[in-house]
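Asks: Here it is: the structure, laid out below.
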Amino acid sequence: MEQYVTLTMDGARARVPRGTSVLDAAMEYGICIPHLCHIPYLSDMGACRLCIVEHIENGRAKVTTSCTLRVQEGMVIRTNTEKIRKLRRNIAELLVAEAPNSRAVQDIAVRCGVKEVRYPFRNNDCVLCGRCVRVCTEMWGARAIGFVGRGKERHVDFPFGVRPDFCKQCSSCVDLCPMTITPCDGPMKPGEERLCGKCESQLQVTEQIPDTCVWCDLGMGFNCARQA
Amino acid sequence: MSDQSMAAILEGRTSQPQQLIEALHDVQQLSGYIPQEAMTTLSQELGVPLIEVYRVASFYKAFSLTPRGRHVMTVCMGTACHVRGAARVAEQASAQLGVEPGGTTSDGQFTLECVNCLGACALGPVVVLDGVYHDQVTPRKLGRMIESVRRAESEDRLHV
């Protein structure tokens with residue numbers, strides 16, 4: 001029999017099966033926690049850091065990623081405090097600076113309230129969310145791609161940089177990549193990268209009802225969990 | 001790297017994925033770097049996916065994926081060493097060996113590396129040559145060090 005635990009999220013009591021992640025629980029209850037690297041049918045690695053929440057323990061608030069946080073009995077979670085919004089905005093800003101040529105990243109930045117990007121655009125076309133690596137490893141068991149290198153040299157690659165025979169070119173990695181949808185105006189030229197911010201009309205909906213999932217279209221680019 | 005030495009490294013480790021790092025260390029020690037063939041063999045014998053072997057080997061600084069020189073020279077560029085002139089020491093090393101930091105001389109004699117701190121700040125500038133720490137190195141001292149290694153090697157060649 002499935003066991004249930006009761007937790008408090010943003011003051012609302014929720015009853016969810018044991019073993020669920022806080023992010024899934026919040027989604028289930030219609031609370032919007034922006035996320036990028038999370039895919040419902042794959043394991044979570046907390047790479048994008050967008051889904052951070054405050055976990056209140058013994059009167060202390062601990063900031064952690066909700067996708068890797070499992071629900072516990074009596075847990076208290078805050079998903080939309082001023083502190084979290086500020087941190088999340090900064091993380092989204094860094095993501096846009098890293099890869100401005102992605103509609104998914106641009107949209108999530110708008111959703112997180114980024115108004116300007118204070119960091120130099122690096123245009124790396126990869127935010128190391130690990131979606132491709134996880135689908136290849138977990139879903140297909142192919143293990144054709146993985147993370148290589150360390151620190152700023154870390155990137156996704158084939159073994160020795162050559163496509164191995166056991167990669168069947170299923171393109172699952174490409175399907176899940178948040179970089180595959182370019183901004184509406186097309187790819188940005190080097191030196192002209194900017195925050196697109198065209199979807200601000202969408203933002204007004206989310207701002208009127210904060211921390212509630214309003215089924216905005218901002219998650220289209222990366223298959224937001226609520227659309228799956 | 002011969003098949004025999006590879007077999008010796010794999011001795012008692014077959015199908016034990018947890019032995020990966022140990023085995024990589026042995027390969028590194030034996031050949032001075034991790035060749036692609038060695039990674040492929042390790043992946044098959046230990047039962048670790050090839051990408052995992054590559055990921056681990058490329059992650060740790062202890063493993064080199066390109067052939068290294070017979071002598072490894074590490075110049076500390078930490079704050080304490082820097083203020084005492086590590087930059088000039090590194091410049092001298094690059095100029096005398098004719099390689100950029102991280103590179104290996106074309107004759108395979110020296111590999112030059114610059115690291116951020118060796119943890120011996122009181123002795124700075126520190127240079128480690130083949131595991132031996134040299135303290136308070138000046139460009140001149142370093143020049144003599146390189147010369148003596150070169151001389152020792154050429155003498156060895158004469159005797160053999």
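Chains: A, B, ... in order of the structure tokens. Residues: from 1 per chain. Ligands: from 1, in order shown.
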Which chain B residues are at most 7 Å from chain A (counting only C-alpha atoms), as an mmCIF file with N, CA and C atoms, in the first residue's frame?
Replies:
data_model
loop_
_atom_site.group_PDB
_atom_site.id
_atom_site.type_symbol
_atom_site.label_atom_id
_atom_site.label_comp_id
_atom_site.auth_asym_id
_atom_site.auth_seq_id
_atom_site.Cartn_x
_atom_site.Cartn_y
_atom_site.Cartn_z
ATOM 1 N N PRO B 49 30.998 1.475 -18.403
ATOM 2 C CA PRO B 49 30.783 2.062 -19.727
ATOM 3 C C PRO B 49 31.956 2.949 -20.131
ATOM 4 N N LEU B 50 32.275 2.940 -21.405
ATOM 5 C CA LEU B 50 33.439 3.679 -21.895
ATOM 6 C C LEU B 50 33.361 5.162 -21.541
ATOM 7 N N ILE B 51 32.157 5.728 -21.635
ATOM 8 C CA ILE B 51 32.024 7.158 -21.361
ATOM 9 C C ILE B 51 32.348 7.456 -19.896
ATOM 10 N N TYR B 54 36.106 7.517 -19.558
ATOM 11 C CA TYR B 54 36.596 8.757 -20.147
ATOM 12 C C TYR B 54 36.271 9.945 -19.248
ATOM 13 N N ARG B 55 35.059 9.921 -18.691
ATOM 14 C CA ARG B 55 34.632 11.011 -17.811
ATOM 15 C C ARG B 55 35.552 11.106 -16.588
ATOM 16 N N SER B 58 39.118 12.162 -17.564
ATOM 17 C CA SER B 58 39.244 13.571 -17.946
ATOM 18 C C SER B 58 38.970 14.496 -16.768
ATOM 19 N N PHE B 59 38.331 13.971 -15.713
ATOM 20 C CA PHE B 59 37.977 14.819 -14.573
ATOM 21 C C PHE B 59 39.169 15.063 -13.647
#
Asks: As a PyMOL selection string, please: every residue in chain A that DSSP puts in strand (DSSP E).
Replies: chain A and resi 4-9+12-17+52-57+60-65+76-78+146-148+155-157
Asks: Can you check which residues of segment 40-219 of chain A DSSP gives as alpha helix (DSSP H) on the backbone and send them as a ChimeraX atom specification?
Replies: /A:82-98,103-111,131-134,172-176,200-208
Asks: Quick one: residues within 9 Å of Ser43 of chain A, only C-alpha atoms, excluding same-chain residues fewer than 2 positions away - as a list of chain:residue names?
Replies: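 Here the qualifying residues turn out to be A:His38, A:Ile39, A:Pro40, A:Tyr41, A:Met45, A:Thr68, A:Arg134, A:Glu138.
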Asks: Could you turn the residues from that selection into a file that holds N, CA, C and O atoms, as a short mmCIF file (atom, residue, chain, number, x, y, z; two decimals), in the first residue's frame?
Replies:
data_model
loop_
_atom_site.label_atom_id
_atom_site.label_comp_id
_atom_site.auth_asym_id
_atom_site.auth_seq_id
_atom_site.Cartn_x
_atom_site.Cartn_y
_atom_site.Cartn_z
N HIS A 38 14.73 19.34 -14.94
CA HIS A 38 13.85 18.25 -14.50
C HIS A 38 13.04 17.67 -15.66
O HIS A 38 12.44 18.39 -16.43
N ILE A 39 13.06 16.34 -15.77
CA ILE A 39 12.19 15.64 -16.73
C ILE A 39 11.45 14.58 -15.93
O ILE A 39 12.07 13.80 -15.21
N PRO A 40 10.11 14.54 -16.03
CA PRO A 40 9.34 13.68 -15.12
C PRO A 40 9.79 12.22 -15.09
O PRO A 40 9.82 11.61 -14.04
N TYR A 41 10.16 11.65 -16.24
CA TYR A 41 10.47 10.22 -16.24
C TYR A 41 11.95 9.90 -16.06
O TYR A 41 12.36 8.76 -16.20
N MET A 45 19.07 15.61 -11.08
CA MET A 45 20.44 15.84 -10.63
C MET A 45 20.65 17.25 -10.09
O MET A 45 21.73 17.58 -9.63
N THR A 68 15.65 17.47 -6.05
CA THR A 68 16.41 16.40 -5.40
C THR A 68 16.03 16.25 -3.93
O THR A 68 16.62 15.46 -3.21
N ARG A 134 21.21 12.23 -19.35
CA ARG A 134 20.36 11.35 -18.55
C ARG A 134 19.42 10.52 -19.41
O ARG A 134 19.17 9.36 -19.12
N GLU A 138 19.70 6.67 -18.90
CA GLU A 138 18.64 6.03 -18.14
C GLU A 138 17.56 5.43 -19.02
O GLU A 138 17.07 4.34 -18.78
#
Asks: Just to confirm, what's the straight-line distance from atom CA of Ala61 of chain A to atom CA of Asn80 of chain A in Å (one decimal)?
Replies: 12.8 Å
Asks: Skipping near chain neighbours, those fewer than 6 positions away, what residues fall within 12 Å of Ala62 of chain B using only C-alpha atoms, listed as a VMD selection string?
Replies: chain B and resid 21 to 22 24 to 29 32 to 34 56 68
Asks: Quick one, how far is atom CA of Thr111 of chain B from atom CA of Met145 of chain B?
Replies: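 Atom CA of Met145 of chain B lies at a distance of 14.1 Å from atom CA of Thr111 of chain B.
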Asks: Residues within 6 Å of segment 123-136 of chain B, please, as number ranges by chain. Count only C-alpha atoms; anything in the same chain fewer than 4 positions from it doesn't count.
Replies: B: 71-76, 81, 86
Asks: Please produce a file of the residues just selected, as a compact mmCIF listing (two decimals), in the first residue's frame, where the atoms kept are all heavy atoms.
Replies:
# COMPACT_ATOMS: atom_id res chain seq x y z
N HIS B 71 60.32 13.92 -17.58
CA HIS B 71 60.43 14.72 -16.36
C HIS B 71 59.26 15.70 -16.32
O HIS B 71 58.96 16.34 -17.32
CB HIS B 71 61.75 15.50 -16.36
CG HIS B 71 62.93 14.60 -16.50
ND1 HIS B 71 63.47 13.92 -15.45
CD2 HIS B 71 63.65 14.25 -17.59
CE1 HIS B 71 64.49 13.18 -15.87
NE2 HIS B 71 64.61 13.37 -17.17
N VAL B 72 58.64 15.76 -15.17
CA VAL B 72 57.51 16.67 -15.01
C VAL B 72 57.91 17.81 -14.10
O VAL B 72 58.37 17.59 -12.97
CB VAL B 72 56.27 15.95 -14.45
CG1 VAL B 72 55.10 16.91 -14.34
CG2 VAL B 72 55.90 14.77 -15.31
N MET B 73 57.77 19.04 -14.61
CA MET B 73 58.13 20.20 -13.82
C MET B 73 56.85 20.97 -13.48
O MET B 73 56.09 21.34 -14.37
CB MET B 73 59.09 21.08 -14.60
CG MET B 73 59.43 22.36 -13.90
SD MET B 73 60.68 23.25 -14.79
CE MET B 73 62.14 22.46 -14.19
N THR B 74 56.62 21.17 -12.20
CA THR B 74 55.41 21.87 -11.76
C THR B 74 55.81 23.19 -11.11
O THR B 74 56.55 23.20 -10.13
CB THR B 74 54.63 21.01 -10.75
OG1 THR B 74 54.57 19.68 -11.26
CG2 THR B 74 53.25 21.53 -10.55
N VAL B 75 55.33 24.28 -11.67
CA VAL B 75 55.63 25.59 -11.10
C VAL B 75 54.41 26.08 -10.34
O VAL B 75 53.31 26.09 -10.88
CB VAL B 75 56.01 26.60 -12.21
CG1 VAL B 75 56.37 27.94 -11.60
CG2 VAL B 75 57.14 26.07 -13.06
N CYS B 76 54.62 26.47 -9.09
CA CYS B 76 53.50 26.96 -8.28
C CYS B 76 53.24 28.43 -8.60
O CYS B 76 54.16 29.25 -8.62
CB CYS B 76 53.83 26.80 -6.80
SG CYS B 76 52.48 27.37 -5.76
N CYS B 81 53.72 32.47 -3.78
CA CYS B 81 54.80 32.28 -4.76
C CYS B 81 54.77 33.41 -5.78
O CYS B 81 55.82 33.89 -6.22
CB CYS B 81 54.65 30.94 -5.46
SG CYS B 81 54.90 29.54 -4.36
N ALA B 86 57.01 34.12 -8.95
CA ALA B 86 56.76 32.85 -9.64
C ALA B 86 56.53 33.07 -11.14
O ALA B 86 56.88 32.23 -11.96
CB ALA B 86 55.56 32.15 -9.03
Asks: Would you compute the distance between atom CA of Tyr119 of chain A and atom CA of Glu192 of chain A? Give it in Å to one decimal.
Replies: 13.8 Å
Asks: Report as JSON, numbers by chain all protein, DNA and RNA residues lying within 9 Å of Asp125 of chain A, evaluated on only C-alpha atoms, omitting residues in the same chain fewer than 2 positions from it.
Replies: {"A": [98, 99, 100, 101, 102, 122, 123, 127, 179]}
Asks: Quick one: write out the picked residues with N, CA, C and O atoms as a compact mmCIF listing (two decimals), in the first residue's frame?
Replies:
# COMPACT_ATOMS: atom_id res chain seq x y z
N GLU A 98 24.90 32.47 -20.28
CA GLU A 98 25.64 31.31 -20.77
C GLU A 98 25.13 30.89 -22.15
O GLU A 98 25.91 30.51 -23.01
N ALA A 99 23.83 30.95 -22.35
CA ALA A 99 23.26 30.45 -23.60
C ALA A 99 22.05 31.28 -24.01
O ALA A 99 20.92 30.89 -23.80
N PRO A 100 22.28 32.48 -24.58
CA PRO A 100 21.14 33.34 -24.94
C PRO A 100 20.34 32.83 -26.13
O PRO A 100 19.21 33.24 -26.34
N ASN A 101 20.93 31.90 -26.89
CA ASN A 101 20.26 31.46 -28.12
C ASN A 101 19.28 30.32 -27.91
O ASN A 101 19.18 29.43 -28.74
N SER A 102 18.58 30.36 -26.80
CA SER A 102 17.60 29.32 -26.56
C SER A 102 16.32 29.94 -26.07
O SER A 102 16.31 30.73 -25.14
N ARG A 122 28.24 34.73 -22.83
CA ARG A 122 29.33 33.82 -23.17
C ARG A 122 28.96 32.93 -24.35
O ARG A 122 29.82 32.34 -24.97
N ASN A 123 27.65 32.85 -24.62
CA ASN A 123 27.22 32.14 -25.81
C ASN A 123 27.79 30.72 -25.94
O ASN A 123 28.30 30.34 -26.98
N VAL A 127 23.96 24.74 -21.20
CA VAL A 127 23.93 25.14 -19.80
C VAL A 127 24.22 23.94 -18.89
O VAL A 127 24.00 24.00 -17.70
N MET A 179 18.26 23.89 -26.04
CA MET A 179 18.85 24.80 -27.02
C MET A 179 18.24 24.63 -28.41
O MET A 179 18.60 25.36 -29.32
Asks: Extract, using only C-alpha atoms, all DNA, RNA and protein residues at most 12 Å from Gly98 of chain B, discarding same-chain residues fewer than 4 positions from it, and format them as an MDAnalysis selection string.
Replies: chainID B and resid 90:94 102:107 109:112
